[in-house]
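Engineer: Below is the file structure-v6.txt, which contains compact mmCIF, C-alpha atoms and all ligand atoms.
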```txt
# COMPACT_ATOMS: atom_id res chain seq x y z
CA MET A 1 89.68 147.35 100.30
CA LYS A 2 91.73 144.56 101.71
CA THR A 3 88.54 142.64 102.60
CA ILE A 4 87.16 143.06 99.08
CA ARG A 5 90.44 141.81 97.65
CA ASN A 6 90.26 138.80 99.98
CA ILE A 7 86.68 138.09 98.91
CA ILE A 8 87.73 138.23 95.24
CA LEU A 9 90.69 135.94 95.93
CA ALA A 10 88.47 133.51 97.83
CA ALA A 11 85.94 133.51 94.96
CA LEU A 12 88.75 132.83 92.49
CA ALA A 13 90.01 129.99 94.63
CA VAL A 14 86.53 128.46 94.69
CA LEU A 15 86.29 128.80 90.90
CA LEU A 16 89.67 127.11 90.51
CA LEU A 17 88.52 124.28 92.75
CA VAL A 18 85.36 123.66 90.71
CA PRO A 19 86.84 121.18 88.16
CA CYS A 20 88.41 119.28 91.02
CA VAL A 21 85.12 119.13 92.98
CA GLN A 22 83.23 117.84 89.94
CA ALA A 23 85.84 115.23 89.07
CA GLN A 24 84.54 112.46 91.25
CA ASP A 25 80.94 111.37 91.02
CA LEU A 26 79.65 110.08 94.37
CA PRO A 27 75.98 109.65 93.29
CA ARG A 28 76.95 107.54 90.25
CA PHE A 29 79.49 105.64 92.36
CA LYS A 30 76.76 104.71 94.88
CA LYS A 31 74.32 103.78 92.14
CA MET A 32 76.79 101.39 90.52
CA VAL A 33 77.77 99.80 93.88
CA LYS A 34 74.07 99.22 94.54
CA GLN A 35 73.50 97.75 91.08
CA LEU A 36 76.53 95.42 91.17
CA SER A 37 75.63 94.12 94.64
CA SER A 38 71.96 93.53 93.73
CA ALA A 39 70.37 90.06 93.41
CA LYS A 40 70.50 90.38 89.61
CA TYR A 41 74.20 89.51 89.67
CA GLN A 42 73.95 86.78 92.35
CA GLY A 43 77.21 87.76 94.04
CA ARG A 44 79.06 87.94 90.68
CA GLY A 45 79.99 84.27 90.84
CA TYR A 46 80.05 81.55 88.22
CA ALA A 47 77.17 79.17 88.94
CA ARG A 48 74.29 81.39 87.82
CA ASP A 49 76.29 83.44 85.34
CA GLY A 50 76.22 86.42 87.70
CA VAL A 51 79.77 87.26 86.74
CA ARG A 52 78.88 87.23 83.03
CA LYS A 53 75.94 89.60 83.53
CA ALA A 54 78.08 91.88 85.70
CA GLY A 55 80.80 91.97 83.01
CA ALA A 56 78.23 93.06 80.40
CA TYR A 57 76.89 95.75 82.76
CA ILE A 58 80.41 97.08 83.41
CA ALA A 59 81.16 97.20 79.66
CA ARG A 60 77.97 99.27 79.16
CA GLU A 61 78.92 101.64 81.99
CA PHE A 62 82.38 102.14 80.46
CA GLU A 63 80.74 102.92 77.09
CA LYS A 64 78.39 105.41 78.77
CA SER A 65 81.43 107.06 80.35
CA GLY A 66 82.67 108.01 76.89
CA VAL A 67 85.85 105.91 76.76
CA ASP A 68 87.51 105.36 73.36
CA GLU A 69 87.47 101.56 73.42
CA VAL A 70 86.00 98.66 75.42
CA THR A 71 87.22 95.11 74.88
CA MET A 72 86.49 91.82 76.61
CA GLN A 73 89.43 89.53 77.35
CA PRO A 74 88.15 85.98 77.82
CA PHE A 75 89.90 83.23 79.77
CA THR A 76 88.76 80.00 81.39
CA LEU A 77 88.97 78.58 84.88
CA ASN A 78 87.86 75.45 86.71
CA ILE A 79 85.67 76.37 89.65
CA ASN A 80 83.73 74.58 92.38
CA THR A 81 80.34 76.18 93.11
CA PHE A 82 77.44 75.79 95.55
CA CYS A 83 74.10 76.85 94.15
CA GLY A 84 71.91 73.83 94.91
CA ASN A 85 70.82 72.56 98.33
CA MET A 86 72.64 74.06 101.32
CA GLU A 87 71.01 72.71 104.47
CA MET A 88 72.50 71.67 107.78
CA TRP A 89 71.03 70.70 111.14
CA ALA A 90 73.00 70.38 114.41
CA ASP A 91 71.27 68.00 116.87
CA GLY A 92 68.06 68.72 115.00
CA LYS A 93 68.45 72.51 115.03
CA LYS A 94 68.48 74.09 111.59
CA LEU A 95 71.55 76.22 110.96
CA LYS A 96 71.68 79.28 108.73
CA ALA A 97 73.84 79.06 105.60
CA GLY A 98 76.33 81.90 105.37
CA TYR A 99 75.88 82.84 109.03
CA ASP A 100 76.23 79.64 111.11
CA PHE A 101 78.13 77.71 108.48
CA SER A 102 79.76 78.00 105.06
CA MET A 103 81.78 75.69 102.83
CA ARG A 104 85.47 75.19 102.27
CA GLU A 105 85.77 76.22 98.61
CA TYR A 106 87.14 72.86 97.45
CA SER A 107 84.60 70.76 99.33
CA PRO A 108 82.36 68.21 97.66
CA GLY A 109 78.69 68.12 98.65
CA ALA A 110 77.45 66.04 101.58
CA HIS A 111 74.20 64.21 102.29
CA GLY A 112 73.08 62.26 105.34
CA THR A 113 73.28 62.13 109.14
CA TYR A 114 76.64 61.80 110.85
CA PRO A 115 78.01 61.62 114.42
CA VAL A 116 80.34 64.47 115.41
CA TYR A 117 83.73 63.84 117.04
CA HIS A 118 85.04 66.92 118.87
CA VAL A 119 88.85 67.08 119.00
CA ASP A 120 90.25 67.60 122.52
CA THR A 121 92.54 70.53 121.75
CA ALA A 122 93.51 71.08 125.42
CA ASN A 123 95.13 67.61 125.65
CA PHE A 124 95.81 66.87 122.00
CA ASP A 125 97.42 63.60 121.08
CA ALA A 126 97.36 62.57 117.41
CA ASP A 127 97.67 58.84 118.20
CA ARG A 128 94.69 59.01 120.53
CA LEU A 129 92.69 60.90 117.87
CA PHE A 130 93.28 58.13 115.33
CA ALA A 131 92.59 55.40 117.94
CA ASP A 132 89.28 57.11 118.81
CA LEU A 133 88.29 57.43 115.17
CA ALA A 134 88.88 53.70 114.70
CA ARG A 135 86.13 52.96 117.25
CA PRO A 136 82.81 51.85 115.69
CA GLU A 137 80.77 54.74 117.14
CA TYR A 138 82.92 57.22 115.23
CA ALA A 139 83.03 55.38 111.93
CA ASN A 140 81.74 57.75 109.29
CA CYS A 141 81.79 60.77 111.63
CA PHE A 142 82.57 64.46 111.02
CA VAL A 143 85.65 65.53 112.96
CA CYS A 144 85.17 68.98 114.48
CA CYS A 145 88.10 71.24 115.43
CA GLU A 146 89.08 74.89 115.65
CA PHE A 147 90.62 75.79 112.26
CA TRP A 148 93.95 77.26 113.40
CA PHE A 149 94.53 74.25 115.59
CA THR A 150 94.14 71.96 112.55
CA TYR A 151 96.52 74.24 110.69
CA LYS A 152 99.14 73.93 113.43
CA HIS A 153 98.76 70.14 113.38
CA ARG A 154 98.26 69.83 109.62
CA ALA A 155 100.34 66.64 109.30
CA ALA A 156 97.68 64.79 111.33
CA PHE A 157 94.66 66.64 109.99
CA SER A 158 95.61 66.31 106.33
CA LYS A 159 95.10 62.53 106.76
CA LEU A 160 91.50 63.26 107.74
CA GLN A 161 90.92 64.97 104.40
CA LYS A 162 91.96 62.08 102.18
CA ALA A 163 89.82 59.11 101.21
CA GLY A 164 91.22 55.80 102.42
CA GLU A 165 93.43 57.29 105.16
CA CYS A 166 90.82 57.47 107.89
CA THR A 167 87.17 56.42 108.28
CA ASN A 168 85.77 59.92 109.01
CA ALA A 169 83.19 61.16 106.51
CA GLY A 170 84.21 64.80 106.66
CA LEU A 171 85.50 67.73 108.67
CA LEU A 172 84.00 70.68 110.52
CA TYR A 173 86.32 73.63 110.92
CA GLU A 174 85.34 76.08 113.63
CA TRP A 175 85.72 79.72 112.61
CA THR A 176 84.51 82.67 114.64
CA SER A 177 81.49 84.69 113.56
CA PRO A 178 80.94 86.42 111.15
CA ILE A 179 81.81 83.31 109.23
CA LYS A 180 83.73 83.79 105.96
CA PHE A 181 83.47 82.06 102.61
CA TYR A 182 86.53 81.86 100.39
CA LYS A 183 86.99 80.83 96.82
CA ALA A 184 90.75 81.04 96.32
CA TYR A 185 91.44 77.30 96.08
CA GLY A 186 88.16 76.29 94.47
CA GLU A 187 89.76 75.13 91.23
CA LYS A 188 89.58 71.54 92.48
CA VAL A 189 87.38 69.31 94.64
CA VAL A 190 88.89 67.17 97.41
CA ASP A 191 87.76 63.74 98.64
CA LYS A 192 85.79 64.67 101.74
CA PRO A 193 83.38 67.49 102.63
CA ILE A 194 84.77 70.31 104.76
CA ILE A 195 82.35 72.73 106.42
CA TRP A 196 83.19 75.99 108.21
CA VAL A 197 81.03 76.39 111.30
CA THR A 198 80.84 78.87 114.17
CA PRO A 199 81.83 77.57 117.65
CA GLU A 200 78.38 78.62 118.96
CA ALA A 201 76.56 76.55 116.34
CA ILE A 202 78.55 73.35 116.90
CA ALA A 203 79.47 73.42 120.64
CA GLY A 204 78.55 70.09 122.27
CA VAL A 205 76.68 68.92 119.16
CA LYS A 206 76.50 65.10 118.86
CA SER A 207 75.25 64.70 115.32
CA ILE A 208 74.70 66.68 112.15
CA LYS A 209 72.38 66.21 109.21
CA VAL A 210 73.46 67.73 105.92
CA ASN A 211 71.94 68.20 102.49
CA ILE A 212 74.61 70.07 100.57
CA ASP A 213 75.20 70.08 96.81
CA ASN A 214 78.24 71.26 94.93
CA GLU A 215 78.71 71.69 91.22
CA PHE A 216 82.14 71.70 89.66
CA LEU A 217 82.40 73.80 86.49
CA PRO A 218 85.39 72.82 84.32
CA ASN A 219 86.67 75.40 81.81
CA TYR A 220 84.16 78.09 82.71
CA GLN A 221 84.67 81.05 80.40
CA THR A 222 84.81 84.45 82.04
CA GLU A 223 86.12 87.85 80.96
CA ASN A 224 88.25 90.79 81.96
CA VAL A 225 86.63 94.05 80.84
CA ILE A 226 89.19 96.51 79.45
CA ALA A 227 88.41 100.17 78.73
CA LYS A 228 90.85 102.62 77.18
CA VAL A 229 90.99 106.41 77.02
CA ASN A 230 93.50 107.71 74.49
CA GLY A 231 96.07 110.14 75.76
CA ARG A 232 97.91 112.85 73.84
CA ARG A 233 100.91 110.54 73.67
CA HIS A 234 101.20 106.76 73.47
CA ASP A 235 104.70 106.01 74.75
CA GLY A 236 103.46 105.15 78.21
CA CYS A 237 100.23 104.61 80.13
CA TYR A 238 98.57 104.48 83.51
CA VAL A 239 96.41 101.53 84.51
CA PHE A 240 93.51 101.36 86.97
CA THR A 241 92.41 97.91 88.04
CA ALA A 242 89.62 96.47 90.20
CA HIS A 243 88.13 93.00 90.33
CA TYR A 244 84.40 92.70 89.74
CA ASP A 245 83.94 88.99 90.44
CA HIS A 246 82.99 87.85 93.93
CA LEU A 247 81.90 84.71 95.76
CA GLY A 248 78.58 83.97 94.09
CA ASN A 249 76.11 81.71 95.87
CA LEU A 250 76.01 79.55 98.95
CA GLY A 251 72.92 77.49 98.24
CA LYS A 252 69.72 78.57 96.54
CA LYS A 253 68.90 81.56 98.72
CA VAL A 254 72.16 83.05 99.93
CA TYR A 255 74.41 85.09 97.69
CA TYR A 256 77.39 87.29 98.54
CA PRO A 257 76.63 90.87 97.42
CA GLY A 258 80.26 92.04 97.75
CA ALA A 259 79.34 95.73 97.92
CA ASN A 260 82.69 96.60 99.48
CA ASP A 261 84.52 93.62 97.90
CA ASN A 262 84.68 94.79 95.19
CA ALA A 263 81.70 96.57 93.70
CA SER A 264 83.34 99.61 95.34
CA GLY A 265 86.63 99.45 93.42
CA THR A 266 84.86 98.54 90.17
CA ALA A 267 82.46 101.50 90.41
CA ALA A 268 85.41 103.78 91.27
CA ILE A 269 87.44 102.90 88.15
CA ILE A 270 84.34 103.49 85.97
CA THR A 271 84.02 107.04 87.39
CA LEU A 272 87.77 107.51 86.85
CA ALA A 273 87.30 106.43 83.22
CA LYS A 274 84.60 109.08 82.79
CA TYR A 275 86.83 111.73 84.36
CA TYR A 276 89.68 111.01 81.94
CA ALA A 277 87.30 110.63 78.97
CA GLU A 278 86.16 114.20 79.71
CA ASN A 279 89.64 115.59 80.43
CA GLN A 280 92.01 114.18 77.83
CA PRO A 281 95.04 112.80 79.66
CA GLU A 282 98.67 113.20 78.70
CA TYR A 283 99.19 109.42 78.48
CA ASP A 284 96.89 106.55 77.47
CA MET A 285 94.73 105.31 80.33
CA TYR A 286 93.54 101.74 80.82
CA PHE A 287 90.72 100.72 83.17
CA ILE A 288 90.56 96.98 83.75
CA ALA A 289 87.78 95.22 85.62
CA PHE A 290 89.17 91.76 86.36
CA SER A 291 87.24 88.55 86.80
CA GLY A 292 88.59 85.56 88.77
CA GLU A 293 90.23 87.55 91.60
CA ASP A 294 88.44 85.77 94.40
CA ALA A 295 89.31 82.53 92.59
CA ASN A 296 93.04 83.12 93.17
CA LEU A 297 93.86 86.20 91.03
CA ARG A 298 93.06 84.32 87.85
CA GLY A 299 91.95 87.30 85.72
CA SER A 300 94.87 89.56 86.59
CA THR A 301 97.35 86.72 86.18
CA TRP A 302 95.88 85.97 82.74
CA PHE A 303 96.16 89.64 81.78
CA ALA A 304 99.75 89.91 83.06
CA GLU A 305 100.60 86.88 80.91
CA HIS A 306 98.67 88.25 77.89
CA PRO A 307 98.87 92.04 78.29
CA VAL A 308 97.15 94.31 75.74
CA VAL A 309 99.92 96.86 76.32
CA PRO A 310 103.57 95.91 77.06
CA LEU A 311 103.96 95.83 80.84
CA ASN A 312 107.13 97.94 80.65
CA GLN A 313 105.01 100.81 79.22
CA ILE A 314 103.01 101.07 82.45
CA ARG A 315 104.11 104.22 84.27
CA TYR A 316 102.02 103.28 87.29
CA LEU A 317 99.20 100.84 88.09
CA PHE A 318 96.55 101.54 90.75
CA ASN A 319 94.63 98.54 92.09
CA LEU A 320 91.48 99.45 94.02
CA ASP A 321 90.01 96.61 96.07
CA MET A 322 87.55 97.19 98.93
CA ILE A 323 87.52 100.96 99.11
CA GLY A 324 83.94 100.98 100.45
CA ASP A 325 84.89 101.72 104.02
CA ASN A 326 85.52 104.57 106.45
CA ASN A 327 88.95 104.19 108.04
CA PRO A 328 90.60 107.66 107.97
CA VAL A 329 93.96 105.87 107.62
CA GLN A 330 94.34 104.34 104.15
CA TYR A 331 96.05 100.96 103.81
CA CYS A 332 98.30 100.37 100.80
CA GLU A 333 100.92 98.04 99.38
CA VAL A 334 103.54 99.16 96.88
CA SER A 335 105.66 97.05 94.50
CA ASP A 336 109.45 97.38 94.57
CA ALA A 337 109.34 99.16 91.20
CA GLY A 338 106.70 101.52 92.61
CA MET A 339 108.66 102.48 95.72
CA PRO A 340 110.74 105.33 94.20
CA LYS A 341 107.49 107.27 93.67
CA TYR A 342 105.78 106.28 96.92
CA GLU A 343 106.69 109.63 98.44
CA VAL A 344 104.57 111.33 95.76
CA PHE A 345 101.50 109.59 97.23
CA GLU A 346 102.53 110.72 100.71
CA ALA A 347 103.04 114.28 99.46
CA VAL A 348 99.72 114.61 97.58
CA ASN A 349 97.88 113.00 100.48
CA ARG A 350 99.29 115.63 102.85
CA ALA A 351 98.92 118.55 100.43
CA HIS A 352 95.22 117.83 99.76
CA GLY A 353 94.39 116.69 103.30
CA LEU A 354 92.87 113.42 102.02
CA PHE A 355 93.59 110.67 104.56
CA LYS A 356 94.96 111.12 108.07
CA ALA A 357 97.84 108.93 106.91
CA LEU A 358 98.79 106.16 104.49
CA ASN A 359 99.67 102.89 106.15
CA ARG A 360 101.94 100.83 103.91
CA GLY A 361 102.00 97.07 104.53
CA GLU A 362 104.07 94.19 103.16
CA LEU A 363 103.44 93.31 99.54
CA ALA A 364 101.28 90.14 99.42
CA ALA A 365 99.44 87.95 96.91
CA ASN A 366 96.13 89.28 98.22
CA SER A 367 94.77 91.15 95.19
CA ASP A 368 95.25 91.93 91.50
CA HIS A 369 98.31 94.17 91.82
CA TYR A 370 100.39 91.13 92.75
CA PRO A 371 100.87 89.53 89.28
CA PHE A 372 102.08 92.97 88.11
CA ALA A 373 104.26 93.64 91.15
CA THR A 374 106.13 90.37 90.57
CA ARG A 375 106.71 91.38 86.92
CA GLY A 376 108.42 94.65 87.79
CA VAL A 377 105.46 97.00 87.22
CA PRO A 378 105.32 100.11 89.45
CA CYS A 379 102.04 99.69 91.31
CA ILE A 380 100.06 100.51 94.41
CA PHE A 381 97.25 98.55 96.02
CA LEU A 382 94.66 100.64 97.86
CA GLU A 383 92.30 98.91 100.28
CA ASN A 384 90.47 100.73 103.03
CA GLN A 385 90.93 98.16 105.82
CA GLU A 386 89.71 97.96 109.39
CA GLY A 387 86.82 100.41 109.06
CA ASP A 388 83.20 99.63 110.00
CA ALA A 389 82.60 97.62 106.81
CA PHE A 390 85.69 95.44 107.21
CA PRO A 391 84.30 92.69 109.53
CA TYR A 392 81.69 91.79 106.89
CA TYR A 393 83.90 91.14 103.89
CA HIS A 394 83.40 87.64 102.44
CA THR A 395 80.10 87.37 104.35
CA PRO A 396 76.53 87.81 103.02
CA ALA A 397 76.40 91.05 105.06
CA ASP A 398 78.91 92.82 102.77
CA ASN A 399 75.95 94.69 101.27
CA MET A 400 74.45 98.16 100.79
CA LYS A 401 73.66 98.40 104.52
CA THR A 402 77.24 97.89 105.69
CA VAL A 403 79.31 99.38 102.84
CA LYS A 404 80.71 102.86 103.56
CA PHE A 405 81.23 105.65 101.05
CA ASP A 406 83.77 107.74 102.96
CA SER A 407 86.97 106.63 101.26
CA TYR A 408 85.80 106.95 97.62
CA ILE A 409 86.52 110.68 97.20
CA PRO A 410 89.92 110.72 98.95
CA VAL A 411 91.01 107.63 96.97
CA PHE A 412 89.84 109.28 93.73
CA LYS A 413 91.79 112.45 94.55
CA LEU A 414 94.85 110.52 95.68
CA VAL A 415 95.26 108.71 92.36
CA THR A 416 94.29 111.63 90.09
CA SER A 417 96.58 114.04 92.01
CA PHE A 418 99.41 111.50 91.82
CA ILE A 419 99.08 111.39 88.02
CA GLU A 420 98.92 115.20 87.83
CA GLN A 421 102.23 115.36 89.71
CA ASP A 422 103.78 112.49 87.80
CA VAL A 423 103.22 113.92 84.31
CA LYS A 424 104.64 117.33 85.24
ZN ZN A 501 88.48 91.77 96.71
```
Would you mind writing the file out in C-alpha cells?
Ligand SMILES: [Zn+2]
Structural biologist:
Amino acid sequence: MKTIRNIILAALAVLLLVPCVQAQDLPRFKKMVKQLSSAKYQGRGYARDGVRKAGAYIAREFEKSGVDEVTMQPFTLNINTFCGNMEMWADGKKLKAGYDFSMREYSPGAHGTYPVYHVDTANFDADRLFADLARPEYANCFVCCEFWFTYKHRAAFSKLQKAGECTNAGLLYEWTSPIKFYKAYGEKVVDKPIIWVTPEAIAGVKSIKVNIDNEFLPNYQTENVIAKVNGRRHDGCYVFTAHYDHLGNLGKKVYYPGANDNASGTAAIITLAKYYAENQPEYDMYFIAFSGEDANLRGSTWFAEHPVVPLNQIRYLFNLDMIGDNNPVQYCEVSDAGMPKYEVFEAVNRAHGLFKALNRGELAANSDHYPFATRGVPCIFLENQEGDAFPYYHTPADNMKTVKFDSYIPVFKLVTSFIEQDVK
C-alpha cells in the first residue's frame, strides 16, 4: 500500500511539474538564435541594414508570441562601419580579415604599402621612438606594438594617433588570437588608421599593404523593440532586456554572427514573452530588445532617458546578455537598488538546483542594465561567462557551431521563479 501511495504521489508531483517543464521552449530558442545569427542579418550591424531587418524579425516573433503590444522606439546614432574592401598583406602574405586582423572601431580606411616599425618594448624609450620615426626610412610607416604596452604608455602613443604630431601613417596594435572587434567607440573617426593584428601575423614583418575602406554613417536611425504583456495590475512592472544589435561586417565577406552575443539573450526574452502571454502575470511585463548596445549602450541609454513606463515603477529588471554558454556557475551583476532582493535569486537557484552557484561581480558599464542601475532601478545582469563559447565572443566564430544551449533553461527558471517569489 505504501508503495502505491508513493507511486500516486510521484505521479502527482510529475503532473504538478508539467507547467514548469513546458514553460521554456528550447527548440524555438535554438531556431531564433540560428535565424538571428544567419547571413540574412549580416551580424546585425548598421552598414547593410542588418540591424533593421533583425528588428523587424524580432517584432514579428513578439507578435507571434501573443503579446498585447509591440512598439518600435527609434533613435539615431553616428557609427563608423567597414563593409567595403578589407584586405591586408604582411610581407606579401595575405592575411585573413577577422582572424589575423580586425579594425579599431574608430579607424579610417587605409590604402597603400607602408614600412612597419616594431616598437622595442623590452628597452622602451619614448625619445628614441620619436627619433627613430623621424628617420627617412620610417616616414609614413605603421608603428606596431602590443596593445597593453601602448595603453601603459598612452601619453607617447596618443601622439602617434594624431595628424601633424608624428609622421607615421598609422598604428598596428597586437592582440592575441582569437582577435576581437569592438564597436563601443565607433561614433567618431580619428585621423590615422589603427589595425588590430595577431602577434603571429605581424612578427618580424617589414612592410604591409592595405586596401581597407570605412564608411561613416551620421544619424543612422535604429530602433528598440518593445513588447508588453498586460498584468492583472498596473501599479508596477517587471522588465526583461537583451540587446539584438551586434558588430555587423568586417569587409565584404566577413560578418559577426553574434549567436551568443546576443542572439541568445534576445531569443530568450521572446520565449519569456510567450510564457507570460500564456500565463497572465500579476504585474505588467515589458520585453525590450535594444539596439546600439555594442555601440556603447546607446539603445538602453536612450530608453532610460525616454522610458515608456516610469523607471520607479520597475519592480525588477533582468538583462540577459550572452547566455549561450555552458558554465555551470552563472555570472551576474546587481545594482545597488537590486541588492536587497539578491538573496531571492540565491534562494531560488538553490531550491530548484539550477546553477552550481551564482558568481556576483562588480557592477560595470558592460551591458544594458547599466543605464538603469545608475538611475536607481533594481536590476540584475545575467551573462554566462567563461564557458566553452566565451573565447569566441566578438569574433566571427561566435556562431551556431560554438554557441552553447546549456544555460538557457536554468536562466529562464531563475528569472521566472524569482518573479513567482517576488509577487507572493
Ligand atoms: Zn552583448
Engineer: Find the residues near region 22-30 of chain A: any atom within 8 Å, counting all atoms listed in the file, skip ones fewer than 6 places away on the same chain, and give them as an MDAnalysis selection string.
Structural biologist: chainID A and resid 264 267:268 271:272 275 405 408:409 412:413
Engineer: Go through region 238-320 of chain A residue by residue and, counting all atoms listed in the file, keep those with an atom at most 10 Å from region 36-58 of chain A; for each kept residue give the shortest atom pair and its distance in Å to one decimal, ordered by chain and increasing number, as CSV.
Structural biologist:
```
residue,atom,partner,partner_atom,distance
A:Tyr244,CA,A:Arg44,CA,7.2
A:Asp245,CA,A:Arg44,CA,5.0
A:His246,CA,A:Arg44,CA,5.1
A:Leu247,CA,A:Gly45,CA,5.3
A:Gly248,CA,A:Gly45,CA,3.6
A:Asn249,CA,A:Gly43,CA,6.4
A:Leu250,CA,A:Gly43,CA,9.6
A:Lys253,CA,A:Gln42,CA,9.7
A:Val254,CA,A:Gln42,CA,8.6
A:Tyr255,CA,A:Gly43,CA,5.3
A:Tyr256,CA,A:Gly43,CA,4.5
A:Pro257,CA,A:Ser37,CA,4.4
A:Gly258,CA,A:Ser37,CA,6.0
A:Ala259,CA,A:Ser37,CA,5.2
A:Asn260,CA,A:Ser37,CA,8.9
A:Asp261,CA,A:Ser37,CA,9.5
A:Asn262,CA,A:Ser37,CA,9.1
A:Ala263,CA,A:Leu36,CA,5.9
A:Ser264,CA,A:Leu36,CA,9.0
A:Thr266,CA,A:Ile58,CA,8.2
A:Ala267,CA,A:Leu36,CA,8.5
A:Ile270,CA,A:Ile58,CA,7.9
A:Ala289,CA,A:Ile58,CA,7.9
A:Phe290,CA,A:Gly55,CA,9.0
A:Ser291,CA,A:Val51,CA,7.6
A:Gly292,CA,A:Gly45,CA,8.9
A:Asp294,CA,A:Gly45,CA,9.3
A:Ala295,CA,A:Gly45,CA,9.6
```
Engineer: Compile the contact shell of Gln280 (chain A) as a PyMOL selection string: residues with an atom at most 10 Å away, counting only C-alpha atoms, same-chain residues fewer than 3 positions apart removed.
Structural biologist: chain A and resi 229-232+275-277+283-285
Engineer: Show me, as a list of chain:residue names, the residues that have an atom within 6 Å of region 312-326 of chain A when counting only C-alpha atoms, minus same-chain residues fewer than 4 positions from it.
Structural biologist: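 Contacts, in chain order: A:Gly236, A:Cys237, A:Tyr238, A:Val239, A:Phe240, A:Thr241, A:Ala242, A:Asn260, A:Asp261, A:Asn262, A:Ser264, A:Gly265, A:His369, A:Pro378, A:Cys379, A:Ile380, A:Phe381, A:Leu382, A:Glu383, A:Asn384, A:Gly387, A:Ala389, A:Val403, A:Lys404, A:Phe405, A:Asp406, A:Ser407.
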Engineer: Find, counting all atoms listed in the file, the residue in A:Gln330, A:Gln421, A:Asn399, A:Asn296 that gets nearest to ligand ZN 501 (chain A).
Structural biologist: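 Using all atoms listed in the file, ligand ZN 501 (chain A) sits closest to A:Asn296.
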Engineer: Figure out the distance between CA of Ala273 (chain A) and CA of Asp68 (chain A), please, to one decimal in Å.
Structural biologist: 9.9 Å
Engineer: In Å to one decimal, how far is CA of Glu215 (chain A) from CA of Glu200 (chain A)?
Structural biologist: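 Separation between CA of Glu200 (chain A) and CA of Glu215 (chain A): 28.6 Å.
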Engineer: Measuring between all atoms listed in the file, which one of A:Lys252, A:Arg233, A:Lys183, A:Lys401 shows the shortest distance to ligand ZN 501 (chain A)?
Structural biologist: A:Lys183
Engineer: Just checking: using all atoms listed in the file, which residue out of A:Glu61, A:Glu293, A:Glu87, A:Asp336 ends up closest to ligand ZN 501 (chain A)?
Structural biologist: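 Result for the nearest residue to ligand ZN 501 (chain A): A:Glu293.
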Engineer: My list of candidates is A:Asn366, A:Asn224, A:Asn168, A:Thr395. Which is closest to ligand ZN 501 (chain A) when distances are computed with only C-alpha atoms and all ligand atoms?
Structural biologist: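 Ranked by minimum distance to ligand ZN 501 (chain A), first place goes to A:Asn366.
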Engineer: One decimal, in Å: what's the spacing between CA of Arg104 (chain A) and CA of Trp196 (chain A)?
Structural biologist: 6.4 Å
Engineer: I want to know what sits within 6 Å of region 117-133 of chain A, based on all atoms listed in the file, with residues of the same chain fewer than 4 positions away left out; could you give that as a PyMOL selection string?
Structural biologist: chain A and resi 138+143-145
Engineer: Pick out the closest residue to ligand ZN 501 (chain A) from this set: A:Val210, A:Ala139, A:Leu311, A:Ala365. Count all atoms listed in the file.
Structural biologist: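 The shortest atom-to-atom distance to ligand ZN 501 (chain A) comes from A:Ala365.
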